[in-house]
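First up is the structure itself, then whatever we jot down about it.
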Amino acid sequence: MVKDKDLEKNTVSRTQLKLEAEKLQSIGLKLCDLSTSKLKALDLPPNLLEAILAMQKITSNGAKRRQSQYIGKLMRNFDTTELNTIMTFWDQQELKEKQHFHNVELWRKKLVEEPGSVNDFLSKHPTDKKLILLDTIKEAIEEKNKDKAPKYNRELFKLIKKIIEQ
């Protein structure tokens, strides 16, 4: 009787095993979304790397499901703690890049719609390209009013991005 209780404490339930397998599969699917260069930077075991690269080429849903299960199986033998920290870092970097892009886009939109906001922009981001910025804003406003192709809006976006990154 005492042995049965000890045995119960040491065994893992099937539900818990399935949850762990699903977690490994989801990590494997995240790996499949990465580029080849990032995958090679992770220093994955060769068989896992081959399975992930094969998964990226598969188009059939059933085959993808089987391949993801296979990747999950291979991941059982691989320590995912370091992998999780690296992928979290990459996700944070991507989020910062998206936020920077949105910030630049908001400034572009604000400068075109409210030309008086140039002073706010220049106070936050001083630059020696003030005249170029003013000309580009003027051209972008004219372009918007005449419903032309957004050539100067693109130039304004690039200029704002360059000024902010200085």
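Residues in the structure tokens are named by chain (A, B, ... in the order shown) and by number from 1 within that chain; ligands are numbered from 1 in the order shown.
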
Exercise for the section: May I have the residues within 8 Å of range 103-106 of chain A as JSON, numbers by chain, using only C-alpha atoms and disregarding those fewer than 2 positions away in the same chain? Expected result: {"A": [99, 100, 101, 108, 109, 110, 157, 160, 161, 164]}

Please produce a file of those selected residues containing N, CA and C atoms, as a compact mmCIF listing (two decimals), in the first residue's frame.
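And here's part_31.txt as it stands now:
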```txt
# COMPACT_ATOMS: atom_id res chain seq x y z
N GLN A 99 6.81 49.00 -33.06
CA GLN A 99 6.46 50.23 -32.36
C GLN A 99 7.17 51.43 -32.97
N HIS A 100 8.42 51.27 -33.35
CA HIS A 100 9.18 52.35 -33.99
C HIS A 100 8.53 52.71 -35.32
N PHE A 101 8.16 51.71 -36.10
CA PHE A 101 7.50 51.95 -37.38
C PHE A 101 6.19 52.72 -37.18
N ARG A 108 4.34 61.03 -39.39
CA ARG A 108 4.10 61.38 -40.79
C ARG A 108 2.66 61.85 -40.98
N LYS A 109 1.75 61.09 -40.44
CA LYS A 109 0.33 61.43 -40.57
C LYS A 109 0.01 62.76 -39.89
N LYS A 110 0.57 62.94 -38.70
CA LYS A 110 0.32 64.17 -37.96
C LYS A 110 0.90 65.39 -38.68
N PHE A 157 8.12 59.88 -44.91
CA PHE A 157 8.28 58.76 -43.98
C PHE A 157 9.76 58.42 -43.81
N ILE A 160 11.55 61.24 -41.85
CA ILE A 160 11.20 61.20 -40.42
C ILE A 160 11.94 60.05 -39.74
N LYS A 161 11.96 58.90 -40.38
CA LYS A 161 12.65 57.74 -39.82
C LYS A 161 14.13 58.04 -39.63
N ILE A 164 14.56 60.58 -36.67
CA ILE A 164 14.31 59.95 -35.36
C ILE A 164 15.48 59.02 -34.97
```

Practice task
Find the residues near Leu111 in chain A: any atom within 7 Å, counting only C-alpha atoms, skip ones fewer than 5 places away on the same chain, and give them as a count of residues only.
Solution key: 3

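Minimum atom-to-atom distance to Asp79 in chain A, evaluated using only C-alpha atoms, belongs to A:Leu24 out of A:Leu24, A:Met55, A:Leu34, A:Val112.
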
Handout entry: Closest of A:Glu94, A:Glu22, A:Thr59, A:Leu39 to Ile71 in chain A - atom-to-atom distances counting only C-alpha atoms
Key =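 Closest to Ile71 in chain A of all the choices is A:Glu22.
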
Practice task
Once DSSP has gone over the backbone, tell me which residues of chain A are in helix (DSSP H, G or I), as an MDAnalysis selection string.
Solution key: chainID A and resid 2:10 14:32 36:41 46:57 61:75 81:113 115:124 130:145 151:165

Fill in the blank from the handout: Of A:Leu48, A:Gln166, A:Lys18, A:Thr81, the one nearest to Leu31 in chain A when counting only C-alpha atoms is A:Leu48

Exercise for the section: For each of A:Glu165, A:Glu82, A:Glu142, A:Glu50, take the minimum atom-to-atom distance to Thr127 in chain A, counting only C-alpha atoms, then give the residue where this is smallest. Expected result: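 Closest to Thr127 in chain A, using only C-alpha atoms: A:Glu165.
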
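When only C-alpha atoms are used to measure the gap to Asn84 in chain A, the shortest distance among A:Ile141, A:Leu17, A:Leu42, A:Ala63 belongs to A:Leu42.
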
Handout entry: Exercise: Cys32 in chain A partners within 8 Å, only C-alpha atoms, chain neighbours under 5 positions left out, as JSON, numbers by chain
Key = {"A": [52, 53, 55, 56]}

Leaving out Tyr70 in chain A and any residue of its chain fewer than 2 positions from it, which residues lie within 12 Å of it when counting only C-alpha atoms, given as a PDB file with N, CA and C atoms, in the first residue's frame?
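Output below, filename result.pdb:
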```
ATOM      1  N   ALA A  21       3.497  17.655 -24.478  1.00  0.00           N
ATOM      2  CA  ALA A  21       3.726  17.378 -25.894  1.00  0.00           C
ATOM      3  C   ALA A  21       3.166  18.497 -26.768  1.00  0.00           C
ATOM      4  N   GLU A  22       1.982  19.007 -26.418  1.00  0.00           N
ATOM      5  CA  GLU A  22       1.386  20.120 -27.172  1.00  0.00           C
ATOM      6  C   GLU A  22       2.239  21.382 -27.053  1.00  0.00           C
ATOM      7  N   LEU A  24       5.501  21.494 -26.601  1.00  0.00           N
ATOM      8  CA  LEU A  24       6.680  21.294 -27.442  1.00  0.00           C
ATOM      9  C   LEU A  24       6.331  21.455 -28.921  1.00  0.00           C
ATOM     10  N   GLN A  25       5.143  20.967 -29.308  1.00  0.00           N
ATOM     11  CA  GLN A  25       4.707  21.138 -30.695  1.00  0.00           C
ATOM     12  C   GLN A  25       4.527  22.615 -31.033  1.00  0.00           C
ATOM     13  N   SER A  26       3.965  23.376 -30.104  1.00  0.00           N
ATOM     14  CA  SER A  26       3.758  24.803 -30.372  1.00  0.00           C
ATOM     15  C   SER A  26       5.098  25.537 -30.493  1.00  0.00           C
ATOM     16  N   GLY A  28       7.795  24.113 -31.560  1.00  0.00           N
ATOM     17  CA  GLY A  28       8.278  23.665 -32.860  1.00  0.00           C
ATOM     18  C   GLY A  28       7.629  24.437 -34.003  1.00  0.00           C
ATOM     19  N   LEU A  29       6.337  24.739 -33.876  1.00  0.00           N
ATOM     20  CA  LEU A  29       5.650  25.519 -34.919  1.00  0.00           C
ATOM     21  C   LEU A  29       6.175  26.949 -34.968  1.00  0.00           C
ATOM     22  N   ASN A  47      18.889  16.635 -36.884  1.00  0.00           N
ATOM     23  CA  ASN A  47      17.622  16.000 -37.265  1.00  0.00           C
ATOM     24  C   ASN A  47      16.427  16.930 -37.005  1.00  0.00           C
ATOM     25  N   LEU A  48      16.481  17.720 -35.952  1.00  0.00           N
ATOM     26  CA  LEU A  48      15.416  18.679 -35.668  1.00  0.00           C
ATOM     27  C   LEU A  48      15.412  19.801 -36.710  1.00  0.00           C
ATOM     28  N   LEU A  49      16.582  20.267 -37.066  1.00  0.00           N
ATOM     29  CA  LEU A  49      16.690  21.307 -38.095  1.00  0.00           C
ATOM     30  C   LEU A  49      16.140  20.811 -39.430  1.00  0.00           C
ATOM     31  N   GLU A  50      16.477  19.580 -39.795  1.00  0.00           N
ATOM     32  CA  GLU A  50      15.965  18.998 -41.046  1.00  0.00           C
ATOM     33  C   GLU A  50      14.443  18.887 -41.007  1.00  0.00           C
ATOM     34  N   ALA A  51      13.909  18.464 -39.869  1.00  0.00           N
ATOM     35  CA  ALA A  51      12.456  18.314 -39.740  1.00  0.00           C
ATOM     36  C   ALA A  51      11.757  19.672 -39.858  1.00  0.00           C
ATOM     37  N   ILE A  52      12.350  20.705 -39.280  1.00  0.00           N
ATOM     38  CA  ILE A  52      11.758  22.045 -39.345  1.00  0.00           C
ATOM     39  C   ILE A  52      11.823  22.581 -40.772  1.00  0.00           C
ATOM     40  N   ALA A  54      11.917  20.803 -43.458  1.00  0.00           N
ATOM     41  CA  ALA A  54      10.954  20.026 -44.238  1.00  0.00           C
ATOM     42  C   ALA A  54       9.534  20.536 -43.991  1.00  0.00           C
ATOM     43  N   MET A  55       9.247  20.897 -42.748  1.00  0.00           N
ATOM     44  CA  MET A  55       7.912  21.412 -42.393  1.00  0.00           C
ATOM     45  C   MET A  55       7.612  22.699 -43.155  1.00  0.00           C
ATOM     46  N   ALA A  63      -0.234  16.452 -43.640  1.00  0.00           N
ATOM     47  CA  ALA A  63       1.218  16.252 -43.550  1.00  0.00           C
ATOM     48  C   ALA A  63       1.827  17.239 -42.563  1.00  0.00           C
ATOM     49  N   LYS A  64       1.304  18.460 -42.531  1.00  0.00           N
ATOM     50  CA  LYS A  64       1.806  19.449 -41.560  1.00  0.00           C
ATOM     51  C   LYS A  64       1.551  18.980 -40.134  1.00  0.00           C
ATOM     52  N   ARG A  65       0.365  18.420 -39.915  1.00  0.00           N
ATOM     53  CA  ARG A  65       0.023  17.945 -38.574  1.00  0.00           C
ATOM     54  C   ARG A  65       0.968  16.822 -38.154  1.00  0.00           C
ATOM     55  N   ARG A  66       1.189  15.860 -39.058  1.00  0.00           N
ATOM     56  CA  ARG A  66       2.103  14.752 -38.739  1.00  0.00           C
ATOM     57  C   ARG A  66       3.524  15.257 -38.507  1.00  0.00           C
ATOM     58  N   GLN A  67       3.958  16.192 -39.342  1.00  0.00           N
ATOM     59  CA  GLN A  67       5.316  16.725 -39.201  1.00  0.00           C
ATOM     60  C   GLN A  67       5.456  17.492 -37.893  1.00  0.00           C
ATOM     61  N   SER A  68       4.411  18.240 -37.495  1.00  0.00           N
ATOM     62  CA  SER A  68       4.487  18.974 -36.222  1.00  0.00           C
ATOM     63  C   SER A  68       4.549  18.003 -35.048  1.00  0.00           C
ATOM     64  N   GLY A  72       7.583  17.747 -32.419  1.00  0.00           N
ATOM     65  CA  GLY A  72       7.349  17.679 -30.976  1.00  0.00           C
ATOM     66  C   GLY A  72       8.068  16.503 -30.346  1.00  0.00           C
ATOM     67  N   LYS A  73       8.058  15.374 -31.048  1.00  0.00           N
ATOM     68  CA  LYS A  73       8.756  14.182 -30.553  1.00  0.00           C
ATOM     69  C   LYS A  73      10.260  14.437 -30.470  1.00  0.00           C
ATOM     70  N   LEU A  74      10.818  15.075 -31.509  1.00  0.00           N
ATOM     71  CA  LEU A  74      12.249  15.385 -31.496  1.00  0.00           C
ATOM     72  C   LEU A  74      12.593  16.408 -30.412  1.00  0.00           C
ATOM     73  N   MET A  75      11.655  17.299 -30.120  1.00  0.00           N
ATOM     74  CA  MET A  75      11.900  18.343 -29.124  1.00  0.00           C
ATOM     75  C   MET A  75      11.953  17.776 -27.702  1.00  0.00           C
ATOM     76  N   ARG A  76      11.408  16.592 -27.495  1.00  0.00           N
ATOM     77  CA  ARG A  76      11.446  15.988 -26.159  1.00  0.00           C
ATOM     78  C   ARG A  76      12.880  15.772 -25.686  1.00  0.00           C
ATOM     79  N   ASN A  77      13.772  15.542 -26.631  1.00  0.00           N
ATOM     80  CA  ASN A  77      15.177  15.273 -26.302  1.00  0.00           C
ATOM     81  C   ASN A  77      16.016  16.544 -26.291  1.00  0.00           C
TER      82      ASN A  77
END
```

Practice task
Pick out the closest residue to Lys23 in chain A from this set: A:Lys57, A:Asn145, A:Pro46, A:Gln69. Count only C-alpha atoms.
Solution key: A:Gln69

Exercise for the section: Considering only C-alpha atoms, return as JSON, numbers by chain whatever protein or nucleic-acid residues lie within 9 Å of Thr136 in chain A, sequence-local ones (same chain, fewer than 6 positions apart) excluded. Expected result: {"A": [152, 153, 155, 156, 159]}

Exercise for the section: Work out how far apart CA of Lys129 in chain A and CA of Glu114 in chain A are and give it in Å to one decimal. Expected result: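 That distance, rounded to one decimal, is 19.2 Å.
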
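A straight line drawn from CA of Leu19 in chain A to CA of Thr85 in chain A is 20.3 Å long.
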